[in-house]
Structures are given as structure tokens and as C-alpha cells.
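As stored in my_file14.cif (mmCIF, N, CA and C atoms):
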data_coords
loop_
_atom_site.label_atom_id
_atom_site.label_comp_id
_atom_site.auth_asym_id
_atom_site.auth_seq_id
_atom_site.Cartn_x
_atom_site.Cartn_y
_atom_site.Cartn_z
N MET O 1 31.64 1.79 -3.47
CA MET O 1 31.95 1.51 -4.86
C MET O 1 32.97 0.38 -4.98
N SER O 2 33.99 0.40 -4.16
CA SER O 2 35.00 -0.66 -4.24
C SER O 2 34.42 -2.02 -3.84
N LYS O 3 33.39 -2.00 -2.99
CA LYS O 3 32.73 -3.26 -2.62
C LYS O 3 32.13 -3.94 -3.85
N ASN O 4 31.49 -3.16 -4.71
CA ASN O 4 30.88 -3.71 -5.91
C ASN O 4 31.91 -4.20 -6.91
N ASP O 5 33.04 -3.54 -6.98
CA ASP O 5 34.09 -3.94 -7.93
C ASP O 5 34.76 -5.24 -7.51
N SER O 6 34.90 -5.45 -6.23
CA SER O 6 35.65 -6.59 -5.72
C SER O 6 35.15 -7.95 -6.21
N PRO O 7 33.85 -8.25 -6.08
CA PRO O 7 33.38 -9.56 -6.54
C PRO O 7 33.57 -9.77 -8.04
N LYS O 8 33.42 -8.69 -8.82
CA LYS O 8 33.61 -8.81 -10.27
C LYS O 8 35.03 -9.26 -10.59
N GLN O 9 35.99 -8.68 -9.90
CA GLN O 9 37.38 -9.07 -10.12
C GLN O 9 37.60 -10.53 -9.77
N GLU O 10 36.99 -10.97 -8.67
CA GLU O 10 37.12 -12.37 -8.27
C GLU O 10 36.52 -13.29 -9.32
N GLU O 11 35.36 -12.93 -9.86
CA GLU O 11 34.72 -13.73 -10.89
C GLU O 11 35.63 -13.88 -12.10
N LYS O 12 36.28 -12.78 -12.48
CA LYS O 12 37.19 -12.84 -13.62
C LYS O 12 38.32 -13.82 -13.35
N LYS O 13 38.88 -13.76 -12.14
CA LYS O 13 39.96 -14.69 -11.77
C LYS O 13 39.48 -16.13 -11.89
N ASP O 14 38.28 -16.40 -11.35
CA ASP O 14 37.73 -17.75 -11.38
C ASP O 14 37.55 -18.25 -12.81
N SER O 15 36.99 -17.41 -13.69
CA SER O 15 36.75 -17.87 -15.05
C SER O 15 38.08 -18.11 -15.78
N LYS O 16 39.09 -17.33 -15.44
CA LYS O 16 40.40 -17.55 -16.03
C LYS O 16 40.97 -18.88 -15.55
N ALA O 17 40.82 -19.17 -14.27
CA ALA O 17 41.31 -20.43 -13.71
C ALA O 17 40.55 -21.61 -14.32
N ASP O 18 39.26 -21.44 -14.58
CA ASP O 18 38.45 -22.50 -15.16
C ASP O 18 38.94 -22.91 -16.55
N ASN O 19 39.56 -21.97 -17.28
CA ASN O 19 40.03 -22.27 -18.62
C ASN O 19 41.32 -23.07 -18.63
N LYS O 20 42.03 -23.10 -17.53
CA LYS O 20 43.30 -23.83 -17.47
C LYS O 20 43.04 -25.33 -17.53
N VAL O 21 43.87 -26.02 -18.28
CA VAL O 21 43.80 -27.48 -18.33
C VAL O 21 45.02 -28.01 -17.60
N TYR O 22 44.79 -28.70 -16.50
CA TYR O 22 45.88 -29.22 -15.68
C TYR O 22 46.39 -30.53 -16.27
N LYS O 23 47.66 -30.80 -16.03
CA LYS O 23 48.27 -32.02 -16.53
C LYS O 23 48.54 -32.98 -15.38
N ILE O 24 48.92 -34.19 -15.71
CA ILE O 24 49.26 -35.19 -14.70
C ILE O 24 50.37 -34.63 -13.81
N GLY O 25 50.18 -34.75 -12.50
CA GLY O 25 51.18 -34.27 -11.55
C GLY O 25 50.91 -32.87 -11.04
N GLU O 26 50.07 -32.11 -11.74
CA GLU O 26 49.73 -30.76 -11.29
C GLU O 26 48.61 -30.83 -10.26
N THR O 27 48.65 -29.93 -9.30
CA THR O 27 47.67 -29.92 -8.22
C THR O 27 46.74 -28.73 -8.37
N VAL O 28 45.46 -28.97 -8.13
CA VAL O 28 44.47 -27.90 -8.15
C VAL O 28 43.64 -28.02 -6.88
N GLU O 29 43.20 -26.86 -6.36
CA GLU O 29 42.34 -26.87 -5.18
C GLU O 29 40.95 -26.40 -5.57
N VAL O 30 39.96 -27.22 -5.25
CA VAL O 30 38.56 -26.90 -5.53
C VAL O 30 37.78 -27.01 -4.23
N ASN O 31 37.21 -25.90 -3.79
CA ASN O 31 36.40 -25.88 -2.56
C ASN O 31 37.14 -26.49 -1.36
N GLY O 32 38.43 -26.18 -1.23
CA GLY O 32 39.22 -26.67 -0.09
C GLY O 32 39.78 -28.06 -0.27
N LEU O 33 39.45 -28.72 -1.38
CA LEU O 33 39.96 -30.06 -1.66
C LEU O 33 41.09 -29.95 -2.67
N GLN O 34 42.28 -30.39 -2.26
CA GLN O 34 43.47 -30.32 -3.11
C GLN O 34 43.59 -31.65 -3.85
N ILE O 35 43.55 -31.62 -5.18
CA ILE O 35 43.52 -32.84 -5.98
C ILE O 35 44.71 -32.88 -6.92
N THR O 36 45.38 -34.03 -6.94
CA THR O 36 46.46 -34.28 -7.88
C THR O 36 46.21 -35.62 -8.55
N PHE O 37 46.16 -35.63 -9.87
CA PHE O 37 46.10 -36.89 -10.61
C PHE O 37 47.54 -37.24 -10.96
N ASN O 38 48.00 -38.41 -10.50
CA ASN O 38 49.42 -38.76 -10.58
C ASN O 38 49.82 -39.52 -11.83
N SER O 39 48.94 -40.36 -12.34
CA SER O 39 49.30 -41.16 -13.51
C SER O 39 48.06 -41.61 -14.26
N ALA O 40 48.26 -41.91 -15.53
CA ALA O 40 47.20 -42.49 -16.37
C ALA O 40 47.87 -43.55 -17.23
N LYS O 41 47.38 -44.78 -17.12
CA LYS O 41 47.97 -45.85 -17.93
C LYS O 41 46.91 -46.90 -18.25
N PHE O 42 47.16 -47.62 -19.34
CA PHE O 42 46.27 -48.72 -19.69
C PHE O 42 46.64 -49.93 -18.85
N ILE O 43 45.62 -50.65 -18.37
CA ILE O 43 45.85 -51.89 -17.63
C ILE O 43 45.02 -52.99 -18.27
N GLU O 44 45.33 -54.23 -17.93
CA GLU O 44 44.56 -55.36 -18.45
C GLU O 44 43.17 -55.37 -17.83
N PRO O 45 42.14 -55.63 -18.65
CA PRO O 45 40.79 -55.76 -18.07
C PRO O 45 40.69 -57.01 -17.21
N ASN O 46 39.72 -57.03 -16.33
CA ASN O 46 39.42 -58.20 -15.53
C ASN O 46 39.11 -59.36 -16.47
N GLU O 47 39.57 -60.57 -16.13
CA GLU O 47 39.37 -61.70 -17.05
C GLU O 47 37.90 -62.04 -17.26
N TYR O 48 37.03 -61.63 -16.35
CA TYR O 48 35.61 -61.96 -16.46
C TYR O 48 34.74 -60.83 -17.00
N VAL O 49 35.29 -59.61 -17.03
CA VAL O 49 34.51 -58.46 -17.48
C VAL O 49 35.27 -57.75 -18.60
N LYS O 50 34.78 -57.93 -19.82
CA LYS O 50 35.42 -57.34 -20.99
C LYS O 50 35.28 -55.81 -20.96
N ALA O 51 36.30 -55.13 -21.47
CA ALA O 51 36.21 -53.67 -21.65
C ALA O 51 35.45 -53.44 -22.95
N GLU O 52 34.26 -52.88 -22.86
CA GLU O 52 33.40 -52.71 -24.04
C GLU O 52 34.05 -51.87 -25.13
N LYS O 53 34.80 -50.84 -24.74
CA LYS O 53 35.44 -49.95 -25.72
C LYS O 53 36.84 -50.44 -26.10
N GLY O 54 37.35 -51.46 -25.41
CA GLY O 54 38.62 -52.07 -25.80
C GLY O 54 39.76 -51.90 -24.81
N LYS O 55 39.79 -50.82 -24.05
CA LYS O 55 40.90 -50.56 -23.13
C LYS O 55 40.37 -50.15 -21.76
N VAL O 56 41.20 -50.41 -20.73
CA VAL O 56 40.90 -49.93 -19.38
C VAL O 56 41.97 -48.91 -19.01
N LEU O 57 41.53 -47.69 -18.72
CA LEU O 57 42.43 -46.61 -18.33
C LEU O 57 42.39 -46.47 -16.82
N GLU O 58 43.56 -46.60 -16.19
CA GLU O 58 43.68 -46.44 -14.73
C GLU O 58 44.27 -45.07 -14.44
N ILE O 59 43.57 -44.30 -13.62
CA ILE O 59 44.04 -42.97 -13.22
C ILE O 59 44.22 -42.98 -11.71
N THR O 60 45.43 -42.65 -11.25
CA THR O 60 45.70 -42.62 -9.81
C THR O 60 45.67 -41.16 -9.34
N PHE O 61 45.29 -40.97 -8.07
CA PHE O 61 45.13 -39.61 -7.55
C PHE O 61 45.46 -39.54 -6.07
N ASN O 62 45.69 -38.32 -5.60
CA ASN O 62 45.72 -37.95 -4.18
C ASN O 62 44.68 -36.85 -4.01
N ALA O 63 43.99 -36.87 -2.88
CA ALA O 63 43.06 -35.78 -2.55
C ALA O 63 43.25 -35.44 -1.09
N LYS O 64 43.48 -34.16 -0.81
CA LYS O 64 43.70 -33.70 0.56
C LYS O 64 42.69 -32.62 0.89
N ASN O 65 42.10 -32.73 2.08
CA ASN O 65 41.11 -31.74 2.52
C ASN O 65 41.81 -30.63 3.30
N ASN O 66 41.94 -29.47 2.67
CA ASN O 66 42.52 -28.29 3.33
C ASN O 66 41.46 -27.41 3.97
N GLY O 67 40.20 -27.83 3.88
CA GLY O 67 39.10 -27.03 4.41
C GLY O 67 38.89 -27.27 5.90
N LYS O 68 37.87 -26.64 6.43
CA LYS O 68 37.54 -26.75 7.85
C LYS O 68 36.41 -27.76 8.10
N LYS O 69 35.75 -28.21 7.03
CA LYS O 69 34.66 -29.18 7.15
C LYS O 69 35.00 -30.43 6.36
N GLU O 70 34.31 -31.52 6.67
CA GLU O 70 34.48 -32.75 5.92
C GLU O 70 34.19 -32.49 4.44
N ALA O 71 34.97 -33.10 3.56
CA ALA O 71 34.79 -32.90 2.12
C ALA O 71 34.53 -34.24 1.44
N TYR O 72 33.56 -34.25 0.55
CA TYR O 72 33.23 -35.46 -0.22
C TYR O 72 34.06 -35.48 -1.49
N PHE O 73 34.59 -36.65 -1.83
CA PHE O 73 35.28 -36.84 -3.10
C PHE O 73 34.81 -38.17 -3.66
N GLY O 74 34.26 -38.14 -4.87
CA GLY O 74 33.73 -39.37 -5.46
C GLY O 74 34.20 -39.57 -6.88
N ALA O 75 34.38 -40.83 -7.26
CA ALA O 75 34.84 -41.17 -8.60
C ALA O 75 33.87 -40.66 -9.66
N GLU O 76 32.58 -40.60 -9.33
CA GLU O 76 31.58 -40.15 -10.31
C GLU O 76 31.71 -38.66 -10.62
N GLU O 77 32.50 -37.93 -9.84
CA GLU O 77 32.71 -36.50 -10.10
C GLU O 77 33.71 -36.26 -11.23
N LEU O 78 34.39 -37.31 -11.68
CA LEU O 78 35.36 -37.20 -12.77
C LEU O 78 34.78 -37.85 -14.02
N LYS O 79 34.69 -37.09 -15.09
CA LYS O 79 34.22 -37.59 -16.38
C LYS O 79 35.40 -37.57 -17.34
N ILE O 80 35.51 -38.61 -18.17
CA ILE O 80 36.62 -38.74 -19.12
C ILE O 80 36.06 -38.78 -20.54
N ALA O 81 36.72 -38.04 -21.44
CA ALA O 81 36.33 -38.04 -22.85
C ALA O 81 37.58 -38.02 -23.72
N ASP O 82 37.43 -38.44 -24.98
CA ASP O 82 38.56 -38.35 -25.91
C ASP O 82 38.55 -36.98 -26.58
N ALA O 83 39.48 -36.76 -27.51
CA ALA O 83 39.61 -35.45 -28.16
C ALA O 83 38.36 -35.07 -28.95
N ASN O 84 37.56 -36.06 -29.36
CA ASN O 84 36.33 -35.79 -30.11
C ASN O 84 35.12 -35.58 -29.22
N GLY O 85 35.33 -35.61 -27.90
CA GLY O 85 34.22 -35.39 -26.97
C GLY O 85 33.42 -36.63 -26.64
N ASN O 86 33.90 -37.82 -27.05
CA ASN O 86 33.21 -39.06 -26.70
C ASN O 86 33.48 -39.38 -25.24
N GLN O 87 32.44 -39.37 -24.43
CA GLN O 87 32.59 -39.60 -22.99
C GLN O 87 32.55 -41.10 -22.70
N PHE O 88 33.39 -41.53 -21.75
CA PHE O 88 33.50 -42.94 -21.42
C PHE O 88 32.99 -43.22 -20.02
N LYS O 89 32.53 -44.46 -19.81
CA LYS O 89 31.99 -44.88 -18.52
C LYS O 89 33.10 -45.41 -17.63
N GLN O 90 32.81 -45.40 -16.33
CA GLN O 90 33.73 -46.02 -15.39
C GLN O 90 33.74 -47.53 -15.61
N TYR O 91 34.86 -48.15 -15.26
CA TYR O 91 35.02 -49.61 -15.34
C TYR O 91 35.12 -50.09 -13.90
N PHE O 92 34.16 -50.93 -13.49
CA PHE O 92 34.04 -51.28 -12.08
C PHE O 92 34.63 -52.64 -11.72
N ALA O 93 35.29 -53.31 -12.67
CA ALA O 93 35.73 -54.69 -12.41
C ALA O 93 37.18 -54.78 -11.94
N GLY O 94 37.78 -53.69 -11.51
CA GLY O 94 39.17 -53.72 -11.07
C GLY O 94 39.30 -54.04 -9.60
N ASP O 95 40.53 -54.30 -9.18
CA ASP O 95 40.83 -54.54 -7.77
C ASP O 95 41.11 -53.21 -7.07
N ASN O 96 40.60 -53.06 -5.87
CA ASN O 96 40.87 -51.89 -5.02
C ASN O 96 40.57 -50.56 -5.70
N ILE O 97 39.50 -50.51 -6.46
CA ILE O 97 39.16 -49.23 -7.12
C ILE O 97 38.45 -48.32 -6.13
N PHE O 98 38.64 -47.04 -6.32
CA PHE O 98 38.06 -46.02 -5.45
C PHE O 98 36.64 -45.71 -5.90
N MET O 99 35.73 -45.58 -4.94
CA MET O 99 34.36 -45.20 -5.26
C MET O 99 34.08 -43.78 -4.74
N ASN O 100 34.09 -43.61 -3.41
CA ASN O 100 33.89 -42.28 -2.84
C ASN O 100 34.30 -42.30 -1.37
N GLU O 101 34.51 -41.11 -0.84
CA GLU O 101 34.99 -41.00 0.54
C GLU O 101 34.67 -39.60 1.06
N ASN O 102 34.32 -39.53 2.34
CA ASN O 102 34.25 -38.25 3.03
C ASN O 102 35.60 -38.05 3.72
N ILE O 103 36.29 -36.98 3.39
CA ILE O 103 37.64 -36.75 3.90
C ILE O 103 37.57 -35.71 5.01
N ALA O 104 38.05 -36.08 6.20
CA ALA O 104 38.05 -35.16 7.34
C ALA O 104 39.05 -34.03 7.10
N PRO O 105 38.82 -32.86 7.71
CA PRO O 105 39.76 -31.74 7.55
C PRO O 105 41.19 -32.15 7.91
N GLY O 106 42.14 -31.80 7.04
CA GLY O 106 43.55 -32.12 7.28
C GLY O 106 43.95 -33.51 6.81
N ASN O 107 42.99 -34.36 6.49
CA ASN O 107 43.31 -35.72 6.05
C ASN O 107 43.43 -35.79 4.54
N GLN O 108 44.05 -36.88 4.07
CA GLN O 108 44.18 -37.09 2.63
C GLN O 108 43.96 -38.56 2.29
N ILE O 109 43.61 -38.81 1.05
CA ILE O 109 43.43 -40.18 0.57
C ILE O 109 44.16 -40.35 -0.75
N GLN O 110 44.41 -41.60 -1.10
CA GLN O 110 44.97 -41.96 -2.40
C GLN O 110 44.07 -43.02 -2.98
N GLY O 111 44.03 -43.10 -4.29
CA GLY O 111 43.22 -44.14 -4.90
C GLY O 111 43.41 -44.20 -6.39
N LYS O 112 42.60 -45.06 -7.01
CA LYS O 112 42.63 -45.17 -8.46
C LYS O 112 41.21 -45.34 -8.97
N VAL O 113 40.98 -44.79 -10.15
CA VAL O 113 39.70 -44.86 -10.81
C VAL O 113 39.95 -45.49 -12.17
N LEU O 114 39.04 -46.36 -12.60
CA LEU O 114 39.19 -47.03 -13.89
C LEU O 114 38.08 -46.60 -14.84
N PHE O 115 38.44 -46.48 -16.12
CA PHE O 115 37.48 -46.13 -17.16
C PHE O 115 37.60 -47.10 -18.32
N ASP O 116 36.47 -47.44 -18.91
CA ASP O 116 36.39 -48.28 -20.11
C ASP O 116 36.47 -47.33 -21.30
N VAL O 117 37.61 -47.33 -22.01
CA VAL O 117 37.86 -46.33 -23.05
C VAL O 117 38.27 -46.96 -24.37
N ALA O 118 38.07 -46.21 -25.44
CA ALA O 118 38.67 -46.54 -26.72
C ALA O 118 40.10 -46.02 -26.67
N GLU O 119 41.02 -46.71 -27.32
CA GLU O 119 42.43 -46.31 -27.25
C GLU O 119 42.65 -44.93 -27.86
N ALA O 120 43.40 -44.10 -27.15
CA ALA O 120 43.77 -42.77 -27.61
C ALA O 120 45.07 -42.38 -26.90
N ASP O 121 45.75 -41.37 -27.42
CA ASP O 121 46.98 -40.89 -26.78
C ASP O 121 46.66 -39.93 -25.64
N LYS O 122 45.49 -39.30 -25.73
CA LYS O 122 45.16 -38.24 -24.79
C LYS O 122 43.67 -38.28 -24.48
N TYR O 123 43.35 -38.00 -23.22
CA TYR O 123 41.97 -37.90 -22.77
C TYR O 123 41.82 -36.60 -21.98
N ILE O 124 40.62 -36.05 -21.99
CA ILE O 124 40.32 -34.87 -21.19
C ILE O 124 39.39 -35.29 -20.06
N GLY O 125 39.80 -34.99 -18.85
CA GLY O 125 38.98 -35.29 -17.68
C GLY O 125 38.38 -34.00 -17.16
N THR O 126 37.12 -34.06 -16.76
CA THR O 126 36.46 -32.91 -16.14
C THR O 126 36.04 -33.31 -14.74
N TYR O 127 36.61 -32.62 -13.75
CA TYR O 127 36.24 -32.87 -12.36
C TYR O 127 35.26 -31.80 -11.94
N LYS O 128 34.07 -32.22 -11.51
CA LYS O 128 33.04 -31.28 -11.05
C LYS O 128 32.46 -31.81 -9.75
N PRO O 129 32.71 -31.11 -8.64
CA PRO O 129 32.19 -31.57 -7.35
C PRO O 129 30.67 -31.62 -7.33
N ASN O 130 30.13 -32.67 -6.72
CA ASN O 130 28.66 -32.83 -6.63
C ASN O 130 28.03 -31.88 -5.63
N PHE O 131 28.57 -31.83 -4.43
CA PHE O 131 27.90 -31.14 -3.34
C PHE O 131 28.41 -29.73 -3.17
N THR O 132 28.11 -28.89 -4.15
CA THR O 132 28.53 -27.51 -4.11
C THR O 132 27.47 -26.67 -4.80
N PHE O 133 27.38 -25.41 -4.43
CA PHE O 133 26.37 -24.54 -5.01
C PHE O 133 26.86 -23.84 -6.27
N ASP O 134 28.17 -23.82 -6.47
CA ASP O 134 28.66 -23.18 -7.69
C ASP O 134 28.78 -24.23 -8.80
N GLU O 135 28.98 -23.76 -9.99
CA GLU O 135 29.06 -24.66 -11.15
C GLU O 135 30.51 -24.89 -11.57
N LYS O 136 31.43 -24.71 -10.64
CA LYS O 136 32.85 -24.79 -10.97
C LYS O 136 33.24 -26.21 -11.38
N SER O 137 34.02 -26.29 -12.44
CA SER O 137 34.60 -27.57 -12.83
C SER O 137 36.05 -27.31 -13.25
N VAL O 138 36.85 -28.35 -13.22
CA VAL O 138 38.27 -28.24 -13.55
C VAL O 138 38.60 -29.30 -14.59
N LYS O 139 39.39 -28.91 -15.59
CA LYS O 139 39.76 -29.86 -16.64
C LYS O 139 41.20 -30.34 -16.45
N PHE O 140 41.38 -31.63 -16.75
CA PHE O 140 42.69 -32.26 -16.71
C PHE O 140 42.96 -32.93 -18.04
N GLU O 141 44.21 -32.92 -18.46
CA GLU O 141 44.62 -33.66 -19.65
C GLU O 141 45.38 -34.89 -19.19
N PHE O 142 44.92 -36.05 -19.64
CA PHE O 142 45.58 -37.31 -19.28
C PHE O 142 46.23 -37.88 -20.53
N THR O 143 47.55 -37.98 -20.51
CA THR O 143 48.26 -38.67 -21.58
C THR O 143 48.70 -40.00 -21.00
N THR O 144 48.52 -41.05 -21.77
CA THR O 144 48.79 -42.39 -21.25
C THR O 144 50.28 -42.69 -21.26
N ALA O 145 50.72 -43.35 -20.20
CA ALA O 145 52.11 -43.79 -20.11
C ALA O 145 52.32 -44.92 -21.12
N GLN O 146 53.41 -44.86 -21.82
CA GLN O 146 53.69 -45.90 -22.84
C GLN O 146 54.46 -47.05 -22.24
#
Before anything else, please render the file you have as C-alpha cells.
Amino acid sequence: MSKNDSPKQEEKKDSKADNKVYKIGETVEVNGLQITFNSAKFIEPNEYVKAEKGKVLEITFNAKNNGKKEAYFGAEELKIADANGNQFKQYFAGDNIFMNENIAPGNQIQGKVLFDVAEADKYIGTYKPNFTFDEKSVKFEFTTAQ
């Protein structure tokens, strides 16, 4: 009987964790990958590639693999939207932007991801790993540095 109860309790914990919205500087672990988004700020667009929505949002991060197997982390796993749910595309015209990486166990990476956004004070990011069998996703709130 206790065997059957155990997974249900775990599911409840997971759904409670899924409702949490993490802020800049907070760390969350998803499938052994520890992720911290460190900053969100507007930067100047590339002189040759206009930002269609008007602004370029730069988000910096650290990702550390605490698991026992190689872990994939890709920029396409993070979606950004404004308070009204308008989702924005990545902006690919920046210098040294992060695309994706397989991270070996115990290793970590740092990088930045750019998005073409309409100006707002706050954005909601949803991180959802691609190569996983569960439907887990994590939400982050990004407030732009002034």
C-alpha cells in the first residue's frame, strides 16, 4: 500500500514545484541540469540586422550538469513572452551568442541568449528540456536592468 502512495506524493511535489516562478539569480535543477539565469538587459541590435519588435533582450546564464550522463542544453529550450502572452523569437545577430551544448557530467557552461522583443518591464521565460520523456517545464521571471 505504501508503494502506491509514494509516487502520488512525488507527483504532488513536482506539480507544486512547477507552479513556482523563479527570478533572476535563482537556481533550479531540471533532470540533473542546474540552471541559473543571471541577468536580463536590453542591448543595442546589430547594425546590419534590425530588431523587428524594437528591442534586443540579452539573458545570461550558467548551466551545470549534476547528473551522471551528458546533458543537452539549448537556447531553443527557452521561450520568452510578455505579460500578455506574446511570444518572441530569438535574435541571432549578436556576438558570441549561445546556441546549444552537450555538457559532460560535473562540467558547467556560461553563455547568453538574445531575443527580439517589444519593450516591457517584465518577461516570462519558460524552460522546457527537449530530450526528456516528461513534460516538465520551469518558469522564470525576467525583469530588465535599467
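If you count all atoms listed in the file and ignore residues fewer than 5 places along the chain from Leu78 (chain O), what sits within 6.5 Å of it is Gly125, Thr126, Tyr127 and Lys128 of chain O.
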Please dump the current selection as an mmCIF file, in the frame of the given file; keep N, CA and C atoms.
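Saved result, selection10.cif, follows:
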data_model
loop_
_atom_site.group_PDB
_atom_site.id
_atom_site.type_symbol
_atom_site.label_atom_id
_atom_site.label_comp_id
_atom_site.auth_asym_id
_atom_site.auth_seq_id
_atom_site.Cartn_x
_atom_site.Cartn_y
_atom_site.Cartn_z
ATOM 1 N N GLY O 125 39.800 -34.990 -18.850
ATOM 2 C CA GLY O 125 38.980 -35.290 -17.680
ATOM 3 C C GLY O 125 38.380 -34.000 -17.160
ATOM 4 N N THR O 126 37.120 -34.060 -16.760
ATOM 5 C CA THR O 126 36.460 -32.910 -16.140
ATOM 6 C C THR O 126 36.040 -33.310 -14.740
ATOM 7 N N TYR O 127 36.610 -32.620 -13.750
ATOM 8 C CA TYR O 127 36.240 -32.870 -12.360
ATOM 9 C C TYR O 127 35.260 -31.800 -11.940
ATOM 10 N N LYS O 128 34.070 -32.220 -11.510
ATOM 11 C CA LYS O 128 33.040 -31.280 -11.050
ATOM 12 C C LYS O 128 32.460 -31.810 -9.750
#
Do a neighbour search on Pro45 (chain O) at 12 Å with only C-alpha atoms, toss out local chain neighbours closer than 2 positions, and write the hits as number ranges by chain. O: 42-43, 47-58, 91-95, 114-117
Using all atoms listed in the file and a cutoff of 6.5 Å, can you tell me which residues are near (34.3, -39.9, 3.6) in the file's coordinates, and write them out as a PDB file with N, CA and C atoms, in the coordinates of the input?
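Contents of the output file point.pdb:
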ATOM      1  N   ALA O  71      34.970 -33.100   3.560  1.00  0.00           N
ATOM      2  CA  ALA O  71      34.790 -32.900   2.120  1.00  0.00           C
ATOM      3  C   ALA O  71      34.530 -34.240   1.440  1.00  0.00           C
ATOM      4  N   TYR O  72      33.560 -34.250   0.550  1.00  0.00           N
ATOM      5  CA  TYR O  72      33.230 -35.460  -0.220  1.00  0.00           C
ATOM      6  C   TYR O  72      34.060 -35.480  -1.490  1.00  0.00           C
ATOM      7  N   PHE O  73      34.590 -36.650  -1.830  1.00  0.00           N
ATOM      8  CA  PHE O  73      35.280 -36.840  -3.100  1.00  0.00           C
ATOM      9  C   PHE O  73      34.810 -38.170  -3.660  1.00  0.00           C
ATOM     10  N   ASN O 100      34.090 -43.610  -3.410  1.00  0.00           N
ATOM     11  CA  ASN O 100      33.890 -42.280  -2.840  1.00  0.00           C
ATOM     12  C   ASN O 100      34.300 -42.300  -1.370  1.00  0.00           C
ATOM     13  N   GLU O 101      34.510 -41.110  -0.840  1.00  0.00           N
ATOM     14  CA  GLU O 101      34.990 -41.000   0.540  1.00  0.00           C
ATOM     15  C   GLU O 101      34.670 -39.600   1.060  1.00  0.00           C
ATOM     16  N   ASN O 102      34.320 -39.530   2.340  1.00  0.00           N
ATOM     17  CA  ASN O 102      34.250 -38.250   3.030  1.00  0.00           C
ATOM     18  C   ASN O 102      35.600 -38.050   3.720  1.00  0.00           C
ATOM     19  N   ILE O 103      36.290 -36.980   3.390  1.00  0.00           N
ATOM     20  CA  ILE O 103      37.640 -36.750   3.900  1.00  0.00           C
ATOM     21  C   ILE O 103      37.570 -35.710   5.010  1.00  0.00           C
ATOM     22  N   ALA O 104      38.050 -36.080   6.200  1.00  0.00           N
ATOM     23  CA  ALA O 104      38.050 -35.160   7.340  1.00  0.00           C
ATOM     24  C   ALA O 104      39.050 -34.030   7.100  1.00  0.00           C
TER      25      ALA O 104
END
From the list O:Gly74, O:Pro129, O:Gly85, O:Gly67, the nearest residue to Pro105 (chain O) using all atoms listed in the file is O:Gly67
Within 8 Å of region 32-35 of chain O, counting only C-alpha atoms, which residues show up once you throw out same-chain ones fewer than 2 positions away? Write them as a PDB file with N, CA and C atoms, in the frame of the given file, please.
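Contents of result31.pdb, as written:
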ATOM      1  N   THR O  27      48.650 -29.930  -9.300  1.00  0.00           N
ATOM      2  CA  THR O  27      47.670 -29.920  -8.220  1.00  0.00           C
ATOM      3  C   THR O  27      46.740 -28.730  -8.370  1.00  0.00           C
ATOM      4  N   VAL O  28      45.460 -28.970  -8.130  1.00  0.00           N
ATOM      5  CA  VAL O  28      44.470 -27.900  -8.150  1.00  0.00           C
ATOM      6  C   VAL O  28      43.640 -28.020  -6.880  1.00  0.00           C
ATOM      7  N   GLU O  29      43.200 -26.860  -6.360  1.00  0.00           N
ATOM      8  CA  GLU O  29      42.340 -26.870  -5.180  1.00  0.00           C
ATOM      9  C   GLU O  29      40.950 -26.400  -5.570  1.00  0.00           C
ATOM     10  N   VAL O  30      39.960 -27.220  -5.250  1.00  0.00           N
ATOM     11  CA  VAL O  30      38.560 -26.900  -5.530  1.00  0.00           C
ATOM     12  C   VAL O  30      37.780 -27.010  -4.230  1.00  0.00           C
ATOM     13  N   PHE O  37      46.160 -35.630  -9.870  1.00  0.00           N
ATOM     14  CA  PHE O  37      46.100 -36.890 -10.610  1.00  0.00           C
ATOM     15  C   PHE O  37      47.540 -37.240 -10.960  1.00  0.00           C
ATOM     16  N   PHE O  61      45.290 -40.970  -8.070  1.00  0.00           N
ATOM     17  CA  PHE O  61      45.130 -39.610  -7.550  1.00  0.00           C
ATOM     18  C   PHE O  61      45.460 -39.540  -6.070  1.00  0.00           C
ATOM     19  N   ASN O  62      45.690 -38.320  -5.600  1.00  0.00           N
ATOM     20  CA  ASN O  62      45.720 -37.950  -4.180  1.00  0.00           C
ATOM     21  C   ASN O  62      44.680 -36.850  -4.010  1.00  0.00           C
ATOM     22  N   ALA O  63      43.990 -36.870  -2.880  1.00  0.00           N
ATOM     23  CA  ALA O  63      43.060 -35.780  -2.550  1.00  0.00           C
ATOM     24  C   ALA O  63      43.250 -35.440  -1.090  1.00  0.00           C
ATOM     25  N   LYS O  64      43.480 -34.160  -0.810  1.00  0.00           N
ATOM     26  CA  LYS O  64      43.700 -33.700   0.560  1.00  0.00           C
ATOM     27  C   LYS O  64      42.690 -32.620   0.890  1.00  0.00           C
ATOM     28  N   ASN O  65      42.100 -32.730   2.080  1.00  0.00           N
ATOM     29  CA  ASN O  65      41.110 -31.740   2.520  1.00  0.00           C
ATOM     30  C   ASN O  65      41.810 -30.630   3.300  1.00  0.00           C
ATOM     31  N   ASN O  66      41.940 -29.470   2.670  1.00  0.00           N
ATOM     32  CA  ASN O  66      42.520 -28.290   3.330  1.00  0.00           C
ATOM     33  C   ASN O  66      41.460 -27.410   3.970  1.00  0.00           C
ATOM     34  N   GLY O  67      40.200 -27.830   3.880  1.00  0.00           N
ATOM     35  CA  GLY O  67      39.100 -27.030   4.410  1.00  0.00           C
ATOM     36  C   GLY O  67      38.890 -27.270   5.900  1.00  0.00           C
ATOM     37  N   ALA O  71      34.970 -33.100   3.560  1.00  0.00           N
ATOM     38  CA  ALA O  71      34.790 -32.900   2.120  1.00  0.00           C
ATOM     39  C   ALA O  71      34.530 -34.240   1.440  1.00  0.00           C
TER      40      ALA O  71
END
Between atom C of Ile97 (chain O) and atom C of Lys112 (chain O), distance in Å (one decimal):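 Between these atoms lies a distance of 5.0 Å.
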What would the selection look like, as a list in words, if the PyMOL selection byres (((chain O and resi 144 and name CA) around 9) and name CA) were run on the coordinates I just shared?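 Selected by the PyMOL selection byres (((chain O and resi 144 and name CA) around 9) and name CA) in this file: Ser39, Ala40, Lys41, Phe42, Leu57, Ala120, Asp121, Lys122, Tyr123, Phe142, Thr143, Ala145 and Gln146 of chain O.
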Could you pull out all residues of chain O with a DSSP call of helix (DSSP H, G or I) and give them as a ChimeraX atom specification? /O:2-19,75-77
Using all atoms listed in the file, which of the listed residues (O:Ile59, O:Glu70, O:Asn86, O:Thr132) sits closest to Val113 (chain O)?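 Under the stated criterion, the closest residue is O:Ile59.
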Give the centre and edge lengths of an axis-aligned box, in Å to one decimal, that holds all listed atoms of region 115-126 of chain O with 4 Å on each side, as lines of an AutoDock Vina configuration file.
center_x = 41.5
center_y = -40.6
center_z = -21.3
size_x = 18.9
size_y = 23.4
size_z = 21.1
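Between atom C of Gln90 (chain O) and atom N of Asn107 (chain O) the separation is 27.3 Å.
Atom pair atom N of Gln87 (chain O) / atom N of Glu119 (chain O): separated by 11.7 Å.
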